[in-house]
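Structure file upload-v1.pdb; described as PDB, C-alpha atoms and all ligand atoms.
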ATOM      1  CA  MET D   1     249.771  28.814  57.359
ATOM      2  CA  LYS D   2     246.726  26.742  56.582
ATOM      3  CA  ASN D   3     246.232  23.659  58.705
ATOM      4  CA  ALA D   4     246.892  21.169  55.956
ATOM      5  CA  ALA D   5     247.967  18.315  58.183
ATOM      6  CA  VAL D   6     244.631  17.736  59.891
ATOM      7  CA  LYS D   7     243.357  15.277  57.323
ATOM      8  CA  THR D   8     244.072  12.134  59.264
ATOM      9  CA  ASP D   9     241.524  11.190  61.862
ATOM     10  CA  PHE D  10     243.943   8.632  63.226
ATOM     11  CA  ASP D  11     246.223  11.257  64.618
ATOM     12  CA  PRO D  12     247.696   9.978  67.916
ATOM     13  CA  ILE D  13     246.643  13.174  69.707
ATOM     14  CA  LEU D  14     243.039  12.592  68.713
ATOM     15  CA  VAL D  15     243.128   8.898  69.559
ATOM     16  CA  LYS D  16     244.523   9.758  72.973
ATOM     17  CA  PHE D  17     241.960  12.481  73.493
ATOM     18  CA  TYR D  18     239.064  10.185  72.610
ATOM     19  CA  ASN D  19     240.352   7.460  74.901
ATOM     20  CA  SER D  20     241.013   9.654  77.887
ATOM     21  CA  THR D  21     238.269  12.258  77.731
ATOM     22  CA  ILE D  22     235.221  11.181  75.776
ATOM     23  CA  LYS D  23     233.137   8.606  77.622
ATOM     24  CA  VAL D  24     229.876   7.067  76.560
ATOM     25  CA  ASN D  25     227.221   7.393  79.253
ATOM     26  CA  LYS D  26     223.837   7.929  77.607
ATOM     27  CA  CYS D  27     222.313   7.602  74.184
ATOM     28  CA  PRO D  28     222.524  11.138  72.762
ATOM     29  CA  TYR D  29     219.225  10.666  70.938
ATOM     30  CA  CYS D  30     216.906   9.377  73.660
ATOM     31  CA  ASN D  31     218.998   9.574  76.842
ATOM     32  CA  SER D  32     218.703   5.842  77.521
ATOM     33  CA  SER D  33     221.547   4.164  79.428
ATOM     34  CA  SER D  34     220.909   0.908  77.634
ATOM     35  CA  TYR D  35     223.316   0.565  74.719
ATOM     36  CA  TYR D  36     225.971  -1.814  73.470
ATOM     37  CA  ARG D  37     229.116  -1.810  71.389
ATOM     38  CA  HIS D  38     228.308  -2.078  67.713
ATOM     39  CA  GLY D  39     231.502  -2.354  65.722
ATOM     40  CA  LYS D  40     234.291   0.089  65.138
ATOM     41  CA  TYR D  41     234.328   3.589  63.760
ATOM     42  CA  LYS D  42     237.729   4.845  62.660
ATOM     43  CA  PHE D  43     239.782   4.883  65.848
ATOM     44  CA  THR D  44     236.887   4.506  68.236
ATOM     45  CA  TYR D  45     233.815   2.320  68.735
ATOM     46  CA  ARG D  46     230.337   2.670  67.484
ATOM     47  CA  TYR D  47     227.455   2.027  69.885
ATOM     48  CA  LYS D  48     223.842   1.094  69.401
ATOM     49  CA  CYS D  49     220.947   2.070  71.621
ATOM     50  CA  ARG D  50     218.550  -0.672  72.745
ATOM     51  CA  GLU D  51     215.710   1.807  73.163
ATOM     52  CA  CYS D  52     215.742   3.780  69.924
ATOM     53  CA  ASN D  53     218.000   1.525  67.833
ATOM     54  CA  ARG D  54     220.139   4.414  66.670
ATOM     55  CA  THR D  55     223.900   4.181  66.470
ATOM     56  CA  PHE D  56     226.335   6.733  67.756
ATOM     57  CA  ILE D  57     229.987   7.248  68.640
ATOM     58  CA  PRO D  58     231.353   8.652  71.922
ATOM     59  CA  SER D  59     231.580  12.212  70.607
ATOM     60  CA  THR D  60     228.061  12.342  69.125
ATOM     61  CA  GLY D  61     226.252  15.405  70.414
ATOM     62  CA  THR D  62     229.289  16.971  72.107
ATOM     63  CA  SER D  63     231.119  20.164  71.172
ATOM     64  CA  ILE D  64     233.393  18.207  68.830
ATOM     65  CA  HIS D  65     230.488  16.516  67.023
ATOM     66  CA  HIS D  66     230.506  16.830  63.219
ATOM     67  CA  LEU D  67     233.831  18.670  63.117
ATOM     68  CA  LYS D  68     236.258  17.881  60.359
ATOM     69  CA  LYS D  69     239.115  19.744  61.995
ATOM     70  CA  LYS D  70     238.921  18.056  65.379
ATOM     71  CA  LYS D  71     242.575  18.542  66.190
ATOM     72  CA  VAL D  72     242.395  22.247  65.407
ATOM     73  CA  PHE D  73     239.379  22.425  67.707
ATOM     74  CA  LEU D  74     241.471  20.988  70.543
ATOM     75  CA  LYS D  75     244.044  23.715  69.963
ATOM     76  CA  TYR D  76     241.284  26.334  69.863
ATOM     77  CA  ALA D  77     239.829  25.084  73.152
ATOM     78  CA  GLU D  78     243.268  25.104  74.744
ATOM     79  CA  ILE D  79     243.760  28.760  73.761
ATOM     80  CA  LEU D  80     240.330  29.657  75.131
ATOM     81  CA  LYS D  81     241.241  27.991  78.414
ATOM     82  CA  THR D  82     244.517  29.860  78.863
ATOM     83  CA  ASP D  83     243.796  33.224  77.240
ATOM     84  CA  GLY D  84     240.012  33.559  77.619
ATOM     85  CA  ILE D  85     237.772  34.485  74.736
ATOM     86  CA  LEU D  86     239.768  36.352  72.130
ATOM     87  CA  THR D  87     238.270  38.335  69.278
ATOM     88  CA  LEU D  88     237.197  36.336  66.239
ATOM     89  CA  ARG D  89     239.950  37.870  64.167
ATOM     90  CA  LYS D  90     242.686  36.918  66.627
ATOM     91  CA  MET D  91     241.375  33.374  66.905
ATOM     92  CA  CYS D  92     241.159  32.957  63.130
ATOM     93  CA  LYS D  93     244.755  34.040  62.811
ATOM     94  CA  ARG D  94     246.059  31.852  65.592
ATOM     95  CA  VAL D  95     244.500  28.590  64.501
ATOM     96  CA  GLY D  96     243.893  29.260  60.800
ATOM     97  CA  ILE D  97     240.111  28.970  60.514
ATOM     98  CA  ALA D  98     237.341  31.018  58.917
ATOM     99  CA  PRO D  99     235.460  33.632  60.992
ATOM    100  CA  LEU D 100     232.187  31.682  60.973
ATOM    101  CA  THR D 101     233.981  28.558  62.186
ATOM    102  CA  SER D 102     235.609  30.541  64.958
ATOM    103  CA  PHE D 103     232.239  31.999  65.918
ATOM    104  CA  ASP D 104     230.597  28.567  65.942
ATOM    105  CA  TRP D 105     233.345  26.920  67.956
ATOM    106  CA  ARG D 106     233.249  29.693  70.515
ATOM    107  CA  HIS D 107     229.528  29.201  70.984
ATOM    108  CA  LYS D 108     229.808  25.425  71.203
ATOM    109  CA  ILE D 109     232.359  25.804  73.955
ATOM    110  CA  LEU D 110     230.262  28.441  75.718
ATOM    111  CA  ALA D 111     227.204  26.180  75.435
ATOM    112  CA  SER D 112     229.094  23.556  77.414
ATOM    113  CA  VAL D 113     229.244  25.815  80.484
ATOM    114  CA  SER D 114     226.200  25.216  82.643
ATOM    115  CA  TYR D 115     224.258  27.946  84.388
ATOM    116  CA  ASN D 116     224.956  28.050  88.120
ATOM    117  CA  ASP D 117     221.549  26.994  89.452
ATOM    118  CA  LYS D 118     222.711  26.184  92.974
ATOM    119  CA  SER D 119     220.961  27.652  95.985
ATOM    120  CA  LEU D 120     222.015  31.126  97.104
ATOM    121  CA  GLY D 121     221.682  30.292 100.786
ATOM    122  CA  GLU D 122     220.252  32.406 103.606
ATOM    123  CA  GLU D 123     221.415  35.760 102.367
ATOM    124  CA  ALA D 124     221.652  36.790  98.745
ATOM    125  CA  LEU D 125     222.878  39.844  96.934
ATOM    126  CA  CYS D 126     220.798  40.714  93.878
ATOM    127  CA  LYS D 127     220.981  43.241  91.123
ATOM    128  CA  ASP D 128     219.645  43.832  87.661
ATOM    129  CA  VAL D 129     222.202  44.272  84.910
ATOM    130  CA  TRP D 130     221.168  45.709  81.585
ATOM    131  CA  PHE D 131     222.333  45.866  77.999
ATOM    132  CA  LEU D 132     220.768  47.473  75.006
ATOM    133  CA  TYR D 133     218.811  44.885  73.032
ATOM    134  CA  ASN D 134     221.316  43.695  70.477
ATOM    135  CA  LEU D 135     220.646  42.293  67.021
ATOM    136  CA  LYS D 136     224.278  41.868  66.047
ATOM    137  CA  GLY D 137     224.713  39.399  63.208
ATOM    138  CA  ARG D 138     221.210  39.807  61.788
ATOM    139  CA  LYS D 139     221.561  40.887  58.210
ATOM    140  CA  GLY D 140     219.234  43.389  56.603
ATOM    141  CA  ILE D 141     218.494  45.256  59.779
ATOM    142  CA  GLY D 142     219.264  48.928  59.342
ATOM    143  CA  PHE D 143     220.222  49.167  62.962
ATOM    144  CA  ASP D 144     220.475  52.677  64.284
ATOM    145  CA  ASN D 145     220.502  53.217  68.017
ATOM    146  CA  LYS D 146     219.358  56.822  67.771
ATOM    147  CA  MET D 147     216.292  55.861  65.788
ATOM    148  CA  PHE D 148     215.753  52.809  67.897
ATOM    149  CA  ILE D 149     215.522  54.684  71.163
ATOM    150  CA  LYS D 150     213.228  57.641  70.867
ATOM    151  CA  ASN D 151     212.813  58.348  74.545
ATOM    152  CA  LEU D 152     213.710  56.943  77.923
ATOM    153  CA  LYS D 153     210.564  54.884  78.203
ATOM    154  CA  ASP D 154     211.486  53.333  74.923
ATOM    155  CA  LEU D 155     214.960  52.611  76.239
ATOM    156  CA  ASP D 156     213.535  50.481  79.025
ATOM    157  CA  LYS D 157     211.485  48.470  76.547
ATOM    158  CA  LYS D 158     214.462  47.796  74.340
ATOM    159  CA  THR D 159     216.890  46.741  76.991
ATOM    160  CA  SER D 160     217.796  43.192  77.947
ATOM    161  CA  LYS D 161     217.581  42.723  81.677
ATOM    162  CA  LEU D 162     219.666  40.160  83.455
ATOM    163  CA  VAL D 163     219.465  39.288  87.117
ATOM    164  CA  ALA D 164     222.784  38.922  88.908
ATOM    165  CA  ALA D 165     222.872  37.138  92.240
ATOM    166  CA  ASP D 166     225.523  36.140  94.706
ATOM    167  CA  GLY D 167     225.337  33.875  97.718
ATOM    168  CA  ASN D 168     226.830  30.667  99.112
ATOM    169  CA  SER D 169     227.124  29.059  95.717
ATOM    170  CA  GLY D 170     228.856  31.969  94.054
ATOM    171  CA  TYR D 171     227.925  34.400  91.362
ATOM    172  CA  SER D 172     225.271  33.794  88.734
ATOM    173  CA  ILE D 173     223.668  35.909  86.100
ATOM    174  CA  LYS D 174     220.620  35.170  84.007
ATOM    175  CA  LEU D 175     218.725  36.832  81.211
ATOM    176  CA  ALA D 176     215.215  37.580  82.436
ATOM    177  CA  LYS D 177     213.555  39.806  79.921
ATOM    178  CA  VAL D 178     213.792  42.298  77.111
ATOM    179  CA  GLY D 179     211.721  45.174  78.465
ATOM    180  CA  SER D 180     210.721  46.331  81.915
ATOM    181  CA  LEU D 181     211.505  43.846  84.616
ATOM    182  CA  GLY D 182     208.647  42.574  86.770
ATOM    183  CA  VAL D 183     208.497  40.622  90.021
ATOM    184  CA  ASN D 184     207.497  37.478  88.138
ATOM    185  CA  ASP D 185     210.537  37.711  85.881
ATOM    186  CA  ILE D 186     212.860  37.797  88.869
ATOM    187  CA  LYS D 187     210.947  34.954  90.492
ATOM    188  CA  ARG D 188     211.212  32.918  87.343
ATOM    189  CA  VAL D 189     214.961  33.289  86.886
ATOM    190  CA  LEU D 190     215.890  32.896  90.545
ATOM    191  CA  ASP D 191     213.370  30.080  90.972
ATOM    192  CA  MET D 192     215.073  27.263  92.927
ATOM    193  CA  LYS D 193     218.074  29.401  93.794
ATOM    194  CA  ILE D 194     216.071  31.539  96.177
ATOM    195  CA  LYS D 195     214.490  28.640  98.116
ATOM    196  CA  GLY D 196     215.717  28.950 101.697
ATOM    197  CA  THR D 197     216.816  32.555 101.281
ATOM    198  CA  ARG D 198     215.732  34.715 104.242
ATOM    199  CA  ARG D 199     217.173  38.026 103.225
ATOM    200  CA  ILE D 200     218.147  39.815 100.050
ATOM    201  CA  ILE D 201     220.439  42.799  99.784
ATOM    202  CA  THR D 202     220.127  45.083  96.806
ATOM    203  CA  ALA D 203     220.967  48.575  95.745
ATOM    204  CA  GLU D 204     217.966  50.905  95.897
ATOM    205  CA  ASN D 205     215.638  49.383  93.409
ATOM    206  CA  LYS D 206     211.895  49.245  93.720
ATOM    207  CA  ILE D 207     211.479  46.045  91.777
ATOM    208  CA  PHE D 208     213.571  44.055  94.251
ATOM    209  CA  ASN D 209     211.592  45.627  97.063
ATOM    210  CA  ASP D 210     208.414  44.277  95.495
ATOM    211  CA  PHE D 211     210.095  40.963  94.899
ATOM    212  CA  ALA D 212     211.090  40.635  98.585
ATOM    213  CA  LYS D 213     207.605  41.634  99.699
ATOM    214  CA  ASN D 214     206.091  39.076  97.372
ATOM    215  CA  LEU D 215     208.301  36.326  98.808
ATOM    216  CA  LYS D 216     207.818  37.678 102.344
ATOM    217  CA  ILE D 217     211.520  37.887 102.988
ATOM    218  CA  GLU D 218     213.639  40.613 104.499
ATOM    219  CA  HIS D 219     215.053  43.225 102.164
ATOM    220  CA  LYS D 220     218.027  45.395 102.920
ATOM    221  CA  LYS D 221     218.542  48.327 100.616
ATOM    222  CA  ILE D 222     221.839  50.033 100.242
ATOM    223  CA  LYS D 223     223.021  52.952  98.216
ATOM    224  CA  SER D 224     225.891  51.706  96.095
ATOM    225  CA  GLU D 225     227.759  54.988  96.397
ATOM    226  CA  PHE D 226     227.674  54.704 100.178
ATOM    227  CA  ILE D 227     229.104  51.212 100.536
ATOM    228  CA  LYS D 228     231.821  51.396 103.157
ATOM    229  CA  PRO D 229     235.369  50.298 102.289
ATOM    230  CA  ASN D 230     235.170  47.403 104.747
ATOM    231  CA  GLU D 231     232.051  45.976 103.132
ATOM    232  CA  ILE D 232     234.143  43.890 100.816
ATOM    233  CA  ARG D 233     231.468  41.424  99.735
ATOM    234  CA  LEU D 234     229.129  44.210  98.646
ATOM    235  CA  ARG D 235     231.823  46.173  96.897
ATOM    236  CA  LYS D 236     232.939  43.081  95.085
ATOM    237  CA  PHE D 237     229.422  42.187  93.966
ATOM    238  CA  PHE D 238     228.755  45.602  92.485
ATOM    239  CA  SER D 239     232.134  45.753  90.798
ATOM    240  CA  ILE D 240     231.622  42.263  89.308
ATOM    241  CA  ASN D 241     228.423  43.428  87.634
ATOM    242  CA  GLU D 242     230.223  46.434  86.214
ATOM    243  CA  ASP D 243     233.075  44.228  85.126
ATOM    244  CA  PHE D 244     230.669  41.906  83.300
ATOM    245  CA  ARG D 245     229.128  44.856  81.469
ATOM    246  CA  HIS D 246     232.536  46.124  80.557
ATOM    247  CA  TRP D 247     233.645  42.722  79.299
ATOM    248  CA  ILE D 248     230.610  42.472  77.017
ATOM    249  CA  ASN D 249     230.613  46.065  75.819
ATOM    250  CA  TYR D 250     234.312  46.571  75.307
ATOM    251  CA  SER D 251     235.924  43.197  74.711
ATOM    252  CA  PHE D 252     233.295  42.165  72.176
ATOM    253  CA  ARG D 253     231.744  45.546  71.341
ATOM    254  CA  GLY D 254     228.475  44.074  72.456
ATOM    255  CA  VAL D 255     227.016  40.601  72.154
ATOM    256  CA  ALA D 256     223.781  39.644  70.383
ATOM    257  CA  THR D 257     220.944  39.176  72.862
ATOM    258  CA  LYS D 258     220.571  35.701  71.385
ATOM    259  CA  TYR D 259     223.923  34.665  72.851
ATOM    260  CA  ILE D 260     224.176  36.811  75.981
ATOM    261  CA  GLN D 261     223.243  33.945  78.327
ATOM    262  CA  LEU D 262     226.084  31.790  77.043
ATOM    263  CA  TYR D 263     228.557  34.566  77.829
ATOM    264  CA  ALA D 264     226.928  35.142  81.217
ATOM    265  CA  ASN D 265     227.375  31.476  82.155
ATOM    266  CA  PHE D 266     230.986  31.507  81.089
ATOM    267  CA  TYR D 267     231.691  34.741  82.930
ATOM    268  CA  SER D 268     230.061  33.481  86.142
ATOM    269  CA  TYR D 269     232.029  30.252  86.003
ATOM    270  CA  CYS D 270     235.301  32.086  85.471
ATOM    271  CA  ARG D 271     234.720  34.103  88.652
ATOM    272  CA  ARG D 272     235.281  30.834  90.511
ATOM    273  CA  LYS D 273     237.822  28.965  88.435
ATOM    274  CA  ILE D 274     239.436  28.594  85.061
ATOM    275  CA  TYR D 275     237.139  26.956  82.557
ATOM    276  CA  ASN D 276     238.602  23.938  80.839
ATOM    277  CA  PRO D 277     236.557  23.009  77.736
ATOM    278  CA  LEU D 278     238.391  19.695  77.357
ATOM    279  CA  THR D 279     237.445  17.635  80.401
ATOM    280  CA  ILE D 280     235.565  14.367  80.867
ATOM    281  CA  SER D 281     232.629  16.168  82.458
ATOM    282  CA  VAL D 282     232.324  18.538  79.496
ATOM    283  CA  PHE D 283     232.285  15.618  77.055
ATOM    284  CA  LYS D 284     229.650  13.835  79.119
ATOM    285  CA  LYS D 285     227.301  16.553  77.904
ATOM    286  CA  LYS D 286     225.787  15.031  74.793
ATOM    287  CA  TYR D 287     223.346  17.893  74.303
ATOM    288  CA  ILE D 288     225.787  20.587  73.119
ATOM    289  CA  TRP D 289     225.065  20.014  69.452
ATOM    290  CA  SER D 290     221.395  20.206  70.240
ATOM    291  CA  ILE D 291     221.691  23.534  72.083
ATOM    292  CA  PHE D 292     224.002  24.941  69.439
ATOM    293  CA  THR D 293     221.700  24.094  66.545
ATOM    294  CA  SER D 294     218.537  25.197  68.384
ATOM    295  CA  MET D 295     219.815  28.583  69.607
ATOM    296  CA  GLU D 296     217.693  30.484  67.106
ATOM    297  CA  ASN D 297     214.552  28.674  68.261
ATOM    298  CA  ILE D 298     215.415  29.051  71.921
ATOM    299  CA  TYR D 299     215.933  32.761  71.335
ATOM    300  CA  LYS D 300     212.708  33.052  69.378
ATOM    301  CA  SER D 301     210.659  31.464  72.125
ATOM    302  CA  PHE D 302     212.368  33.616  74.746
ATOM    303  CA  LEU D 303     211.464  36.782  72.844
ATOM    304  CA  THR D 304     207.930  35.583  72.278
ATOM    305  CA  ASN D 305     207.388  34.760  75.934
ATOM    306  CA  TYR D 306     209.447  37.311  77.787
ATOM    307  CA  SER D 307     209.854  40.442  75.773
ATOM    308  CA  GLU D 308     208.017  43.485  74.586
ATOM    309  CA  ILE D 309     209.530  43.359  71.134
ATOM    310  CA  ALA D 310     208.814  41.152  68.183
ATOM    311  CA  TYR D 311     211.102  38.477  66.828
ATOM    312  CA  THR D 312     212.372  39.704  63.462
ATOM    313  CA  ALA D 313     214.913  38.911  60.745
ATOM    314  CA  PRO D 314     215.442  35.222  61.516
ATOM    315  CA  ILE D 315     218.867  33.771  60.927
ATOM    316  CA  LYS D 316     218.370  30.761  58.744
ATOM    317  CA  ARG D 317     221.049  28.184  59.097
ATOM    318  CA  ASN D 318     219.947  24.631  58.811
ATOM    319  CA  TRP D 319     221.466  21.518  60.242
ATOM    320  CA  LYS D 320     219.955  18.274  59.065
ATOM    321  CA  THR D 321     220.283  16.694  62.469
ATOM    322  CA  SER D 322     219.076  19.664  64.492
ATOM    323  CA  GLY D 323     216.391  18.659  66.943
ATOM    324  CA  MET D 324     217.099  14.942  66.632
ATOM    325  CA  TYR D 325     218.868  14.753  69.947
ATOM    326  CA  TYR D 326     217.750  14.559  73.520
ATOM    327  CA  ILE D 327     217.786  17.783  75.508
ATOM    328  CA  GLU D 328     216.553  18.349  79.026
ATOM    329  CA  SER D 329     214.571  21.553  79.255
ATOM    330  CA  LYS D 330     216.614  22.710  82.226
ATOM    331  CA  LYS D 331     219.755  22.530  80.120
ATOM    332  CA  ILE D 332     218.379  25.203  77.823
ATOM    333  CA  SER D 333     220.158  28.355  78.694
ATOM    334  CA  TYR D 334     217.211  30.703  79.145
TER
HETATM  335 ZN    ZN Q 401     218.500   5.957  72.153
END
Mind turning the file's structure into structure tokens?
Ligand SMILES: [Zn+2]
Amino acid sequence: MKNAAVKTDFDPILVKFYNSTIKVNKCPYCNSSSYYRHGKYKFTYRYKCRECNRTFIPSTGTSIHHLKKKKVFLKYAEILKTDGILTLRKMCKRVGIAPLTSFDWRHKILASVSYNDKSLGEEALCKDVWFLYNLKGRKGIGFDNKMFIKNLKDLDKKTSKLVAADGNSGYSIKLAKVGSLGVNDIKRVLDMKIKGTRRIITAENKIFNDFAKNLKIEHKKIKSEFIKPNEIRLRKFFSINEDFRHWINYSFRGVATKYIQLYANFYSYCRRKIYNPLTISVFKKKYIWSIFTSMENIYKSFLTNYSEIAYTAPIKRNWKTSGMYYIESKKISY
């Protein structure tokens, strides 16, 4: 069944959704709070910014921005909320969309989950989590793992390193580098989170030892195979990291390094509660379109700054309005 009935934008479900969930708070172009109503647009209002003079509607810049099949998107988001992220094929079948659409919608929804940047508190558990550098989706790359990794030293260089941490504010995981992890990489990704932390607990790992020394904080090392059954918090932390790896490697058969941070944010959030992509707070985020359309550039600058490998085989998809919108640098996922 193709979704033939989605032509009307005046569908009562959509009207209701716009009225109840999508609020106007800032100009999506310049972030100004000074705007006024400027006529109607279909079933909603158009607004005009006093600062930059541009007009916009409540959904401009959000995950639903520019979509023709808005109602199908709502159904898609509902499925993602209840069943988690399904494979592209399953999603295409369930809502009747093309694979690229399904892929895009997934990433727009994932982009609306913020990284947990809250403080870890006095004591933090830390660990590095790695994946093989992944170029999935890049055409023309004769990708062969055996050729790619010639020896173990090479393996380290071609591995994406993420830093997982757990403390008062819950679990978080962040992409730090492609290549060997250094103290500065850990410092950079834990940044504000580690302020006020007096002690870190890690599995035996020299780099975290150096990191603790550098910050002049206490470091407790444990051997993961010797964690006692009653040390529930530790056991849980190490199993979460394994679970995350498993989720990426088996549920999706790997995720492109370009997108790994989006999945990491979603995963971390879902440790605490169910993610609902259709709430007022999600639609307050007017920078989703901006993140979504700039992913390739964000990824490129990440590789240039924090990796030992070169950026190759660019994916060229162009959006006319990419880069027109306001985006706070801290909203950029890595
Ligand atoms: Zn403006």
How big is the axis-aligned box, and where does its centre sit, when it encloses all atoms of segment 288-305 of chain D listed in the file and has 5 Å added on every side, reported in Å to one decimal as lines of an AutoDock Vina configuration file?
center_x = 216.6
center_y = 28.4
center_z = 71.2
size_x = 28.4
size_y = 26.8
size_z = 19.4
Legend entry - For segment 166-175 of chain D: contacts at 9 Å, all atoms listed in the file, fewer than 4 positions along chain excluded, given as a PyMOL selection string: chain D and resi 115-126+129+160-162+189-190+237+240+257+260-261+264-265+267-269+271-272+333-334
Inset, instruction - Quote the spacing between atom CA of Val255 of chain D and atom CA of Asn134 of chain D in Å to one decimal place. - result: 6.7 Å
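For the file shown, the residue list from the PyMOL selection byres (((not hetatm)) within 7 of (chain Q and resi 401)) reads Cys27, Pro28, Tyr29, Cys30, Asn31, Ser32, Cys49, Arg50, Glu51, Cys52, Asn53 and Arg54 of chain D.
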Legend entry - Non-local contacts of Ile64 of chain D (9 Å; only C-alpha atoms; under 2 positions in same chain excluded) as JSON, numbers by chain: {"D": [59, 60, 61, 62, 66, 67, 68, 70, 73, 74, 105, 108, 283, 289]}
Using C-alpha atoms, can you export the residues from the last selection as a short mmCIF file (atom, residue, chain, number, x, y, z; two decimals), keeping the file's coordinate frame?
data_model
loop_
_atom_site.label_atom_id
_atom_site.label_comp_id
_atom_site.auth_asym_id
_atom_site.auth_seq_id
_atom_site.Cartn_x
_atom_site.Cartn_y
_atom_site.Cartn_z
CA SER D 59 231.58 12.21 70.61
CA THR D 60 228.06 12.34 69.12
CA GLY D 61 226.25 15.40 70.41
CA THR D 62 229.29 16.97 72.11
CA HIS D 66 230.51 16.83 63.22
CA LEU D 67 233.83 18.67 63.12
CA LYS D 68 236.26 17.88 60.36
CA LYS D 70 238.92 18.06 65.38
CA PHE D 73 239.38 22.42 67.71
CA LEU D 74 241.47 20.99 70.54
CA TRP D 105 233.34 26.92 67.96
CA LYS D 108 229.81 25.42 71.20
CA PHE D 283 232.28 15.62 77.06
CA TRP D 289 225.06 20.01 69.45
#
Inset, instruction - Would you mind reading off the distance between atom CA of Lys177 of chain D and atom CA of Arg106 of chain D, one decimal, in Å? - result: 24.1 Å
Let me know the residues the PyMOL selection byres (((chain D and resi 13) around 12) and not hetatm) catches in the file above, as a PDB file with C-alpha atoms, keeping the file's coordinate frame.
ATOM      1  CA  VAL D   6     244.631  17.736  59.891  1.00  0.00           C
ATOM      2  CA  THR D   8     244.072  12.134  59.264  1.00  0.00           C
ATOM      3  CA  ASP D   9     241.524  11.190  61.862  1.00  0.00           C
ATOM      4  CA  PHE D  10     243.943   8.632  63.226  1.00  0.00           C
ATOM      5  CA  ASP D  11     246.223  11.257  64.618  1.00  0.00           C
ATOM      6  CA  PRO D  12     247.696   9.978  67.916  1.00  0.00           C
ATOM      7  CA  LEU D  14     243.039  12.592  68.713  1.00  0.00           C
ATOM      8  CA  VAL D  15     243.128   8.898  69.559  1.00  0.00           C
ATOM      9  CA  LYS D  16     244.523   9.758  72.973  1.00  0.00           C
ATOM     10  CA  PHE D  17     241.960  12.481  73.493  1.00  0.00           C
ATOM     11  CA  TYR D  18     239.064  10.185  72.610  1.00  0.00           C
ATOM     12  CA  ASN D  19     240.352   7.460  74.901  1.00  0.00           C
ATOM     13  CA  SER D  20     241.013   9.654  77.887  1.00  0.00           C
ATOM     14  CA  THR D  21     238.269  12.258  77.731  1.00  0.00           C
ATOM     15  CA  PHE D  43     239.782   4.883  65.848  1.00  0.00           C
ATOM     16  CA  LYS D  70     238.921  18.056  65.379  1.00  0.00           C
ATOM     17  CA  LYS D  71     242.575  18.542  66.190  1.00  0.00           C
ATOM     18  CA  VAL D  72     242.395  22.247  65.407  1.00  0.00           C
ATOM     19  CA  PHE D  73     239.379  22.425  67.707  1.00  0.00           C
ATOM     20  CA  LEU D  74     241.471  20.988  70.543  1.00  0.00           C
ATOM     21  CA  LYS D  75     244.044  23.715  69.963  1.00  0.00           C
TER      22      LYS D  75
END
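Atom CA of Ser290 of chain D lies 6.0 Å from atom CA of Tyr325 of chain D.
If you measure from each of D:Ala256, D:Lys136, D:Ser239, D:Ala111 to Tyr287 of chain D using all atoms listed in the file, the closest one turns out to be D:Ala111.
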Legend entry - Ground truth for the PyMOL selection byres (((chain D and resi 48) around 6) and not hetatm), written as a list in words: Tyr35, Tyr36, His38, Tyr47, Cys49, Arg54 and Thr55 of chain D
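Comparing the minimum interatomic distances between Phe208 of chain D and each of D:Asn184, D:Ser112, D:Thr101, D:Asn230, counting all atoms listed in the file, we find that D:Asn184 sits nearest.
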Just segment 39-54 of chain D, please, as a short mmCIF file (atom, residue, chain, number, x, y, z; two decimals), in the first residue's frame (only C-alpha atoms).
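What follows is the written file selection17.cif:
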data_model
loop_
_atom_site.label_atom_id
_atom_site.label_comp_id
_atom_site.auth_asym_id
_atom_site.auth_seq_id
_atom_site.Cartn_x
_atom_site.Cartn_y
_atom_site.Cartn_z
CA GLY D 39 -0.25 36.25 7.79
CA LYS D 40 -1.36 32.69 7.40
CA TYR D 41 0.31 29.69 5.87
CA LYS D 42 -2.01 26.79 5.09
CA PHE D 43 -3.33 25.72 8.48
CA THR D 44 -0.81 27.63 10.55
CA TYR D 45 0.66 31.12 10.81
CA ARG D 46 3.61 32.66 9.16
CA TYR D 47 5.98 34.78 11.26
CA LYS D 48 8.45 37.49 10.42
CA CYS D 49 11.66 38.25 12.25
CA ARG D 50 12.35 41.87 13.24
CA GLU D 51 16.10 41.30 13.21
CA CYS D 52 16.73 39.55 9.91
CA ASN D 53 13.39 40.22 8.19
CA ARG D 54 12.99 36.61 7.13
#
